[in-house]
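Peer 1: Sharing coords-v9.cif below, mmCIF, C-alpha atoms:
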```
data_coords
loop_
_atom_site.label_atom_id
_atom_site.label_comp_id
_atom_site.auth_asym_id
_atom_site.auth_seq_id
_atom_site.Cartn_x
_atom_site.Cartn_y
_atom_site.Cartn_z
CA MET Q 199 179.39 106.88 107.46
CA SER Q 200 180.83 108.88 110.35
CA SER Q 201 179.04 110.34 113.35
CA ALA Q 202 179.13 114.05 114.17
CA LEU Q 203 181.05 113.45 117.37
CA ASP Q 204 184.54 112.02 117.71
CA VAL Q 205 185.26 110.38 121.07
CA ASP Q 206 188.99 111.07 120.66
CA GLU Q 207 188.65 114.85 120.65
CA GLY Q 208 189.04 117.34 123.49
CA GLU Q 209 189.83 117.30 127.20
CA PRO Q 210 187.83 115.17 129.68
CA ALA Q 211 184.87 117.17 130.99
CA ALA Q 212 184.52 117.89 134.71
CA GLY Q 213 182.98 115.02 136.67
CA SER Q 214 184.18 112.31 134.30
CA PRO Q 215 186.28 109.40 135.64
CA ALA Q 216 189.34 110.85 133.84
CA ALA Q 217 188.81 114.35 135.24
CA ASN Q 218 188.37 112.85 138.71
CA ASP Q 219 191.71 111.06 138.35
CA PRO Q 220 194.10 113.94 137.55
CA LYS Q 221 197.22 112.03 138.61
CA GLY Q 222 196.27 108.96 136.60
CA GLU Q 223 196.37 106.68 139.65
CA ARG Q 224 193.40 104.51 138.80
CA GLN Q 225 193.66 101.17 137.06
CA ARG Q 226 193.09 101.43 133.30
CA PHE Q 227 191.11 98.92 131.27
CA VAL Q 228 191.23 98.02 127.61
CA LEU Q 229 187.63 97.69 126.49
CA ASP Q 230 186.73 95.13 123.83
CA ASP Q 231 183.58 95.10 121.75
CA THR Q 232 181.34 92.50 123.44
CA GLY Q 233 178.77 92.46 120.63
CA PHE Q 234 176.49 95.06 122.14
CA ASP Q 235 174.78 96.42 119.04
CA GLU Q 236 172.40 99.15 120.27
CA VAL Q 237 174.73 102.12 119.83
CA PRO Q 238 176.95 103.26 116.93
CA LYS Q 239 180.04 101.06 116.46
CA LYS Q 240 182.56 103.43 118.00
CA TYR Q 241 180.65 103.46 121.31
CA ARG Q 242 179.90 99.76 121.57
CA ARG Q 243 182.89 98.88 123.74
CA PHE Q 244 181.53 101.09 126.52
CA TYR Q 245 178.46 98.89 127.05
CA ARG Q 246 177.57 95.24 127.46
CA LYS Q 247 174.54 93.17 128.30
CA TRP Q 248 173.95 92.02 131.88
CA LYS Q 249 174.07 88.23 131.72
CA GLY Q 250 171.86 87.65 134.75
CA ALA Q 251 172.56 85.50 137.82
CA GLY Q 252 176.24 84.59 137.90
CA ASP Q 253 177.35 87.75 136.13
CA ARG Q 254 179.68 90.03 138.09
CA LEU Q 255 180.51 93.69 137.65
CA ALA Q 256 184.18 94.60 137.24
CA ALA Q 257 185.74 97.62 138.98
CA ASN Q 258 185.12 99.72 135.87
CA GLU Q 259 181.43 98.77 135.47
CA VAL Q 260 178.03 99.83 136.84
CA ILE Q 261 174.48 98.92 135.83
CA CYS Q 262 172.18 101.56 134.39
CA PRO Q 263 169.15 101.65 136.73
CA VAL Q 264 166.90 102.81 133.87
CA CYS Q 265 167.55 100.20 131.19
CA LYS Q 266 169.75 97.61 133.01
CA VAL Q 267 172.61 97.71 130.50
CA VAL Q 268 176.16 97.42 131.94
CA ILE Q 269 178.11 100.67 131.52
CA ARG Q 270 181.90 100.33 131.17
CA SER Q 271 184.66 102.86 131.65
CA SER Q 272 188.33 102.71 130.66
CA ARG Q 273 189.20 103.48 134.33
CA THR Q 274 188.20 102.11 137.71
CA LEU Q 275 184.98 103.82 138.78
CA LEU Q 276 184.61 105.58 142.11
CA PRO Q 277 181.77 107.43 143.86
CA GLY Q 278 181.21 110.85 142.30
CA ASP Q 279 182.15 109.82 138.74
CA ARG Q 280 179.74 110.85 136.02
CA VAL Q 281 179.01 108.22 133.38
CA TYR Q 282 176.60 108.03 130.46
CA CYS Q 283 174.20 105.33 129.35
CA MET Q 284 173.93 105.88 125.61
CA PRO Q 285 171.37 103.10 124.96
CA CYS Q 286 168.77 104.93 127.11
CA MET Q 287 170.41 108.38 126.95
CA SER Q 288 170.81 108.79 130.71
CA ARG Q 289 173.40 110.79 132.64
CA LEU Q 290 174.37 109.00 135.84
CA VAL Q 291 176.51 109.53 138.90
CA VAL Q 292 178.33 106.66 140.57
CA ALA Q 293 177.61 106.22 144.28
CA ARG Q 294 178.34 103.67 147.00
CA ASN Q 295 175.28 101.73 148.19
CA GLU Q 296 175.56 101.98 151.96
CA ALA Q 297 173.65 98.76 152.57
CA THR Q 298 175.59 96.50 150.20
CA GLY Q 299 178.86 98.42 149.84
CA ASP Q 300 178.61 98.00 146.05
CA LEU Q 301 178.93 100.77 143.52
CA GLU Q 302 175.69 101.80 141.85
CA ALA Q 303 174.66 104.43 139.34
CA LEU Q 304 172.03 107.04 140.16
CA VAL Q 305 170.23 109.02 137.48
CA ALA Q 306 171.24 112.70 137.40
CA TYR Q 307 168.39 114.63 135.85
CA MET O 272 189.82 112.04 125.43
CA ASN O 273 189.38 108.35 124.78
CA ASP O 274 186.33 107.48 126.85
CA VAL O 275 182.70 108.30 126.08
CA HIS O 276 182.21 109.30 129.73
CA ASP O 277 184.67 112.17 129.22
CA LEU O 278 182.14 114.04 127.11
CA ASP O 279 180.62 117.28 128.28
CA PRO O 280 176.92 116.68 129.19
CA GLN O 281 175.65 119.06 126.50
CA ARG O 282 177.71 117.30 123.82
CA PHE O 283 176.40 113.97 125.09
CA TYR O 284 172.78 115.11 124.73
CA GLU O 285 173.46 116.61 121.30
CA GLU O 286 174.92 113.28 120.22
CA VAL O 287 172.31 110.85 121.57
CA HIS O 288 169.34 112.92 120.47
CA SER O 289 170.61 113.21 116.91
CA PHE O 290 169.16 111.47 113.90
CA GLU O 291 172.72 110.41 113.02
CA PHE O 292 173.09 108.56 116.33
CA TRP O 293 169.69 106.89 115.85
CA PHE O 294 170.56 105.85 112.31
CA GLN O 295 173.85 104.20 113.28
CA ALA O 296 172.28 102.58 116.36
CA VAL O 297 169.40 100.89 114.53
CA GLU O 298 171.68 99.90 111.69
CA GLY O 299 173.50 97.70 114.21
CA TYR O 300 170.51 95.51 115.03
CA LEU O 301 168.09 95.98 112.15
CA GLY O 302 170.58 95.75 109.28
CA GLY O 303 169.90 92.56 107.32
CA THR O 304 166.42 92.04 108.78
CA THR O 305 163.08 92.09 106.98
CA TRP O 306 159.93 92.76 109.01
CA GLY O 307 162.15 92.72 112.09
CA ARG O 308 163.69 89.30 111.57
CA ARG O 309 166.66 87.68 109.86
CA PRO O 310 165.96 85.43 106.88
CA GLU O 311 167.27 82.36 108.73
CA THR O 312 164.73 82.73 111.57
CA VAL O 313 161.78 80.57 110.61
CA ASP O 314 158.43 79.77 112.17
CA ALA O 315 158.11 76.80 114.49
CA PRO O 316 154.90 74.70 114.55
CA MET O 317 152.33 76.31 116.88
CA ALA O 318 149.19 74.84 118.43
CA ALA O 319 145.93 76.58 117.38
CA GLU O 320 145.28 77.68 120.95
CA ASP O 321 148.76 79.20 121.32
CA ARG O 322 148.38 81.00 117.99
CA ASP O 323 145.05 82.43 119.08
CA ARG O 324 146.56 83.70 122.34
CA LEU O 325 149.48 85.23 120.47
CA ILE O 326 147.08 87.03 118.12
CA THR O 327 145.26 88.59 121.08
CA VAL O 328 148.53 89.74 122.64
CA LEU O 329 149.81 91.17 119.36
CA CYS O 330 146.51 93.03 118.93
CA ASN O 331 147.14 94.70 122.28
CA TYR O 332 150.72 95.51 121.29
CA CYS O 333 149.32 97.19 118.16
CA VAL O 334 147.11 99.44 120.29
CA GLY O 335 150.12 100.50 122.37
CA GLU O 336 152.30 101.12 119.33
CA SER O 337 149.57 102.97 117.53
CA ALA O 338 149.03 105.20 120.58
CA ALA O 339 152.77 105.90 120.80
CA LEU O 340 152.99 106.63 117.07
CA GLU O 341 150.14 109.14 117.19
CA GLY O 342 151.32 110.54 120.51
CA ALA O 343 154.97 111.01 119.53
CA SER O 344 154.10 112.62 116.21
CA GLY O 345 151.62 114.99 117.90
CA LEU O 346 154.20 115.95 120.51
CA ILE O 347 156.80 117.19 118.02
CA VAL O 348 154.98 120.50 117.72
CA VAL O 349 154.81 120.86 121.52
CA ALA O 350 158.42 119.79 122.20
CA PRO O 351 160.33 122.59 123.94
CA ASP O 352 163.59 122.44 121.97
CA ARG O 353 165.34 121.16 118.87
CA LEU O 354 166.87 118.10 120.54
CA ALA O 355 163.49 116.91 121.84
CA LYS O 356 161.90 117.48 118.42
CA VAL O 357 164.62 115.54 116.61
CA PHE O 358 164.48 112.72 119.16
CA LEU O 359 160.70 112.47 118.82
CA SER O 360 161.06 112.29 115.05
CA THR O 361 163.21 109.17 115.53
CA GLN O 362 160.64 107.77 117.96
CA VAL O 363 157.90 108.29 115.37
CA VAL O 364 159.91 106.21 112.89
CA ASP O 365 160.46 103.50 115.52
CA GLU O 366 156.77 103.35 116.47
CA GLY O 367 155.69 103.22 112.83
CA ARG O 368 158.06 100.30 112.29
CA HIS O 369 156.76 98.49 115.38
CA LEU O 370 153.17 98.83 114.26
CA GLU O 371 154.11 97.58 110.81
CA VAL O 372 156.05 94.50 112.00
CA PHE O 373 153.28 93.52 114.45
CA HIS O 374 150.66 93.85 111.70
CA HIS O 375 152.83 91.80 109.40
CA ARG O 376 153.19 89.14 112.09
CA LEU O 377 149.40 89.05 112.54
CA ARG O 378 149.01 88.39 108.82
CA GLU O 379 151.60 85.61 109.01
CA LEU O 380 149.54 84.07 111.80
CA GLY O 381 146.50 83.97 109.52
CA VAL O 382 144.74 87.22 110.39
CA ALA O 383 143.24 88.53 107.15
CA ASP O 384 142.27 91.98 108.44
CA PRO O 385 144.59 93.04 111.29
CA GLU O 386 142.87 96.42 111.79
CA ALA O 387 139.50 94.77 112.41
CA GLU O 388 141.07 92.10 114.61
CA VAL O 389 142.83 94.72 116.75
CA GLU O 390 139.54 96.56 117.18
CA ARG O 391 137.78 93.33 118.15
CA ARG O 392 140.35 91.89 120.56
CA ALA O 393 142.14 94.84 122.15
CA SER O 394 141.87 95.34 125.90
CA ARG O 395 139.35 98.00 126.95
CA SER O 396 141.71 99.44 129.55
CA LEU O 397 144.47 99.85 126.98
CA GLN O 398 142.08 101.56 124.59
CA THR O 399 140.97 103.90 127.37
CA PHE O 400 144.64 104.63 128.14
CA ARG O 401 145.23 105.43 124.47
CA ARG O 402 142.33 107.87 124.36
CA ARG O 403 143.52 109.58 127.54
CA LEU O 404 147.09 109.85 126.20
CA LEU O 405 145.88 111.42 122.97
CA ASP O 406 143.75 113.88 124.98
CA LEU O 407 146.89 114.96 126.84
CA VAL O 408 148.76 115.39 123.55
CA ALA O 409 145.87 117.38 122.06
CA SER O 410 145.86 119.65 125.11
CA LYS O 411 149.58 120.31 124.47
CA ASP O 412 150.48 119.36 128.01
CA TRP O 413 154.13 118.39 127.36
CA GLU O 414 155.01 117.05 130.81
CA ALA O 415 151.80 115.06 131.31
CA ALA O 416 151.87 113.59 127.80
CA ILE O 417 155.56 112.63 128.07
CA PHE O 418 154.83 111.02 131.42
CA ALA O 419 151.90 109.01 130.05
CA GLN O 420 153.65 108.04 126.84
CA ASN O 421 157.39 107.75 127.45
CA VAL O 422 157.35 106.81 131.13
CA ILE O 423 154.16 104.81 131.69
CA LEU O 424 153.50 103.25 128.29
CA GLU O 425 157.13 102.73 127.28
CA SER O 426 158.25 101.21 130.57
CA LEU O 427 155.26 98.88 130.47
CA GLU O 428 156.06 97.84 126.89
CA PHE O 429 159.76 97.46 127.72
CA ALA O 430 158.99 95.10 130.62
CA VAL O 431 156.31 93.06 128.85
CA PHE O 432 158.12 92.69 125.49
CA GLN O 433 161.36 91.69 127.19
CA ASP O 434 159.60 89.00 129.20
CA HIS O 435 157.49 87.77 126.31
CA ALA O 436 160.59 87.47 124.08
CA ARG O 437 162.03 84.88 126.49
CA ASP O 438 159.20 82.38 125.91
CA ALA O 439 157.86 83.36 122.50
CA ASP O 440 158.20 81.39 119.27
CA PRO O 441 161.48 82.18 117.42
CA VAL O 442 160.02 84.69 114.95
CA THR O 443 157.97 86.66 117.48
CA ALA O 444 160.92 86.58 119.91
CA GLU O 445 163.28 88.10 117.35
CA ILE O 446 160.79 90.82 116.42
CA LEU O 447 160.28 91.65 120.12
CA ARG O 448 164.01 91.78 120.86
CA GLY O 449 164.44 94.41 118.12
CA VAL O 450 161.51 96.42 119.47
CA VAL O 451 162.90 96.30 123.04
CA LYS O 452 166.15 97.87 121.82
CA ASP O 453 164.15 100.82 120.49
CA GLU O 454 162.07 101.03 123.67
CA ARG O 455 165.22 101.57 125.74
CA ARG O 456 165.68 104.95 124.04
CA HIS O 457 162.03 105.96 124.36
CA MET O 458 161.81 105.04 128.02
CA GLY O 459 165.13 106.73 128.85
CA PHE O 460 164.14 109.90 127.02
CA GLY O 461 160.88 110.08 128.98
CA GLU O 462 162.40 109.56 132.40
CA ASN O 463 165.27 112.00 131.80
CA GLU O 464 163.17 114.71 130.16
CA LEU O 465 160.57 114.58 132.90
CA GLY O 466 163.20 114.34 135.62
CA ARG O 467 164.86 117.54 134.35
CA ARG O 468 161.48 119.29 134.12
CA VAL O 469 160.39 118.34 137.63
CA ALA O 470 163.79 119.37 139.03
CA ALA O 471 163.53 122.79 137.34
CA ALA O 472 159.85 123.40 138.16
CA PRO O 473 158.75 121.38 141.21
CA HIS O 474 155.12 122.60 140.89
CA ILE O 475 154.76 120.20 137.93
CA ARG O 476 154.99 117.31 140.40
CA ALA O 477 151.44 117.64 141.72
CA ARG O 478 149.91 117.58 138.23
CA ILE O 479 151.95 114.55 137.20
CA GLY O 480 150.99 112.83 140.46
CA GLN O 481 147.32 113.30 139.50
CA ILE O 482 147.90 111.84 136.03
CA LYS O 483 149.68 108.88 137.57
CA LYS O 484 146.79 108.26 139.94
CA GLU O 485 144.36 108.38 137.03
CA LEU O 486 146.33 106.13 134.69
CA ASP O 487 147.93 103.64 137.10
CA HIS O 488 144.98 101.26 137.24
CA LEU O 489 144.62 101.22 133.43
CA VAL O 490 148.29 100.29 133.07
CA LEU O 491 148.19 97.62 135.74
CA GLU O 492 144.89 96.17 134.43
CA SER O 493 146.19 95.84 130.89
CA LEU O 494 149.41 94.33 132.25
CA GLU O 495 147.42 91.75 134.20
CA GLU O 496 145.36 90.95 131.13
CA THR O 497 148.46 90.44 128.95
CA VAL O 498 150.12 88.22 131.55
CA ARG O 499 146.95 86.12 131.80
CA THR O 500 146.62 85.79 128.02
CA LEU O 501 150.28 84.78 127.66
CA GLY O 502 149.77 82.12 130.32
CA MET O 503 152.58 83.51 132.49
CA PRO O 504 152.63 82.66 136.23
CA ARG O 505 150.17 84.74 138.27
CA ASP O 506 152.86 86.63 140.16
CA GLU O 507 154.49 87.75 136.92
CA ASP O 508 152.26 90.82 136.59
CA GLU O 509 153.49 91.98 140.00
CA ARG O 510 157.13 91.62 138.91
CA LEU O 511 156.51 93.45 135.63
CA GLY O 512 154.47 96.09 137.45
CA ARG O 513 157.49 96.67 139.70
CA ILE O 514 159.63 97.69 136.69
CA TYR O 515 157.07 100.39 135.88
CA LEU O 516 156.78 101.43 139.52
CA GLU O 517 160.58 101.63 139.85
CA SER O 518 160.85 104.20 137.09
CA VAL O 519 158.08 106.38 138.52
CA ALA O 520 159.62 106.02 141.99
CA ARG O 521 162.99 107.30 140.65
CA LEU O 522 161.09 110.38 139.48
CA GLY O 523 159.74 110.80 142.99
CA PHE O 524 156.23 109.47 142.37
CA GLY O 525 155.80 106.72 144.92
CA SER O 526 152.66 104.61 145.06
#
```
Can you give me the file's structure in the form of structure tokens?

Peer 2:
Amino acid sequence: MSSALDVDEGEPAAGSPAANDPKGERQRFVLDDTGFDEVPKKYRRFYRKWKGAGDRLAANEVICPVCKVVIRSSRTLLPGDRVYCMPCMSRLVVARNEATGDLEALVAY
Amino acid sequence: MNDVHDLDPQRFYEEVHSFEFWFQAVEGYLGGTTWGRRPETVDAPMAAEDRDRLITVLCNYCVGESAALEGASGLIVVAPDRLAKVFLSTQVVDEGRHLEVFHHRLRELGVADPEAEVERRASRSLQTFRRRLLDLVASKDWEAAIFAQNVILESLEFAVFQDHARDADPVTAEILRGVVKDERRHMGFGENELGRRVAAAPHIRARIGQIKKELDHLVLESLEETVRTLGMPRDEDERLGRIYLESVARLGFGS
């Protein structure tokens, strides 16, 4: 069974981490399937479960504020990047939390 | 393009609201299960008092699922576009499955007539909430009904089921974990759909604020009741209530 959409097609859309990194200067990450099973197989590597206290976000990860799943990108994330949470179908924008200095994702309705 | 985040927003929405996406998503965690559990997950011995408490809680879950099933199916005709209609059709299937697995679990726990038991044990505040939700659906008020169903009810269920799964017996826990995975989609759809609507037509905000004021106490009362029945610590209802309040706060509806 194949899904209607192929991730490997087309140019990166405006606002995406790739489009925001035109010179390819950001660190790239190889994403492995971590066993997250709530989206079709080909998207699973882009998400993982938050393991609770002791878990740490990598430079290419943010937490979805709606459903608390960890969203992963193949590039380092920076403020202004648009990412998607497929498990809860949210569009998000990465921002810097001024109080903590950490990256966070805000829902973009 | 080799990253899902490279997608154009419209293509993203087309994808995640499709039946095809739903089918492949649920296949990942429901494949190989029967009545929401794997064959190797078996019942552990349970004290009569614990079983009785679990029956009461499951009866309340059935009221919530039944409300969402009737609500989501009624909303398909009101939904403003194809993507919302198709998404709601997947939600209807999810809710029907939830109701079925909870009824099946009640029978396993010795309840001969789950319908009658639900009627007898269900929380009054939850039943009032259900009636009010179905009134909103019948009045074809898309924004208010989506708020009541996919924001209030779904975020409440998401929080309670997730917490209950941590301490439940193995069979109930596995059923709940599968349901929570479905609830993520329902809750996310509600918040995003309503967020887009409020952003495009700010006058909606006042009406939704009224609905929130009206339904808040019913939600928080039924939450308190469930926490008490499950024997969770007293401050747990506040923590779970916060998850609900967080999602309404993101939409701009503070307490």

Peer 1: I'd like to see the residues matched by the PyMOL selection byres ((chain Q) within 8 of (chain O)) on this file, and ideally I'd get them as a PyMOL selection string.

Peer 2: chain Q and resi 201-203+205-212+214-217+235-239+241+244+264-265+271-272+280-282+284-289+307

Peer 1: Check what the PyMOL selection byres ((chain Q and resi 258-262) around 8) selects in the file above and give those residues as a short mmCIF file (atom, residue, chain, number, x, y, z; two decimals) with C-alpha atoms, keeping the file's coordinate frame.

Peer 2:
```cif
data_model
loop_
_atom_site.label_atom_id
_atom_site.label_comp_id
_atom_site.auth_asym_id
_atom_site.auth_seq_id
_atom_site.Cartn_x
_atom_site.Cartn_y
_atom_site.Cartn_z
CA PHE Q 227 191.11 98.92 131.27
CA TRP Q 248 173.95 92.02 131.88
CA LEU Q 255 180.51 93.69 137.65
CA ALA Q 256 184.18 94.60 137.24
CA ALA Q 257 185.74 97.62 138.98
CA PRO Q 263 169.15 101.65 136.73
CA VAL Q 264 166.90 102.81 133.87
CA CYS Q 265 167.55 100.20 131.19
CA LYS Q 266 169.75 97.61 133.01
CA VAL Q 267 172.61 97.71 130.50
CA VAL Q 268 176.16 97.42 131.94
CA ILE Q 269 178.11 100.67 131.52
CA ARG Q 270 181.90 100.33 131.17
CA SER Q 271 184.66 102.86 131.65
CA SER Q 272 188.33 102.71 130.66
CA ARG Q 273 189.20 103.48 134.33
CA THR Q 274 188.20 102.11 137.71
CA LEU Q 275 184.98 103.82 138.78
CA CYS Q 283 174.20 105.33 129.35
CA LEU Q 290 174.37 109.00 135.84
CA VAL Q 292 178.33 106.66 140.57
CA LEU Q 301 178.93 100.77 143.52
CA GLU Q 302 175.69 101.80 141.85
CA ALA Q 303 174.66 104.43 139.34
CA LEU Q 304 172.03 107.04 140.16
#
```

Peer 1: Show me the residues close to (146.4, 116.2, 132.4) - anything with an atom within 7 Å, counting all atoms listed in the file - and format the list as a CSV table (one decimal) with C-alpha atoms, in the frame of the given file.

Peer 2:
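Contents of selection-v7.csv, as written:
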```csv
chain,number,residue,atom,x,y,z
O,407,LEU,CA,146.9,115.0,126.8
O,412,ASP,CA,150.5,119.4,128.0
O,415,ALA,CA,151.8,115.1,131.3
O,478,ARG,CA,149.9,117.6,138.2
O,482,ILE,CA,147.9,111.8,136.0
```

Peer 1: Neighbouring residues of Val450 in chain O were defined as those with any atom within 9 Å, considering all atoms listed in the file; residues of the same chain fewer than 5 positions away were excluded. Please report them as a ChimeraX atom specification.

Peer 2: /O:307,365-366,368-369,429,432,445,455

Peer 1: Could you tell me which of O:Val389, O:Thr312, O:Leu354, O:Tyr332 comes closest to Gln281 in chain O if we count only C-alpha atoms?

Peer 2: O:Leu354

Peer 1: Given the file shown, determine the residues that the PyMOL selection byres ((chain O and resi 325) around 9) selects; report them as a list in words.

Peer 2: Glu320, Asp321, Arg322, Asp323, Arg324, Ile326, Thr327, Val328, Leu329, Cys330, Leu377, Leu380, Ala439, Thr500 and Leu501 of chain O

Peer 1: Which distance in Å separates CA of Asn421 in chain O and CA of Pro385 in chain O, to one decimal?

Peer 2: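 It comes out at 25.3 Å.
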
Peer 1: Would you pick out the contacts of Gln433 in chain O at 9 Å or less, using only C-alpha atoms, so that residues sharing its chain but fewer than 2 positions from it are not included, and give the list as a ChimeraX atom specification?

Peer 2: /O:428-431,435-437,444,447-448,451

Peer 1: So what do you get for CA of Asp219 in chain Q versus CA of Pro277 in chain Q, distance-wise?

Peer 2: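 CA of Pro277 in chain Q lies 11.9 Å from CA of Asp219 in chain Q.
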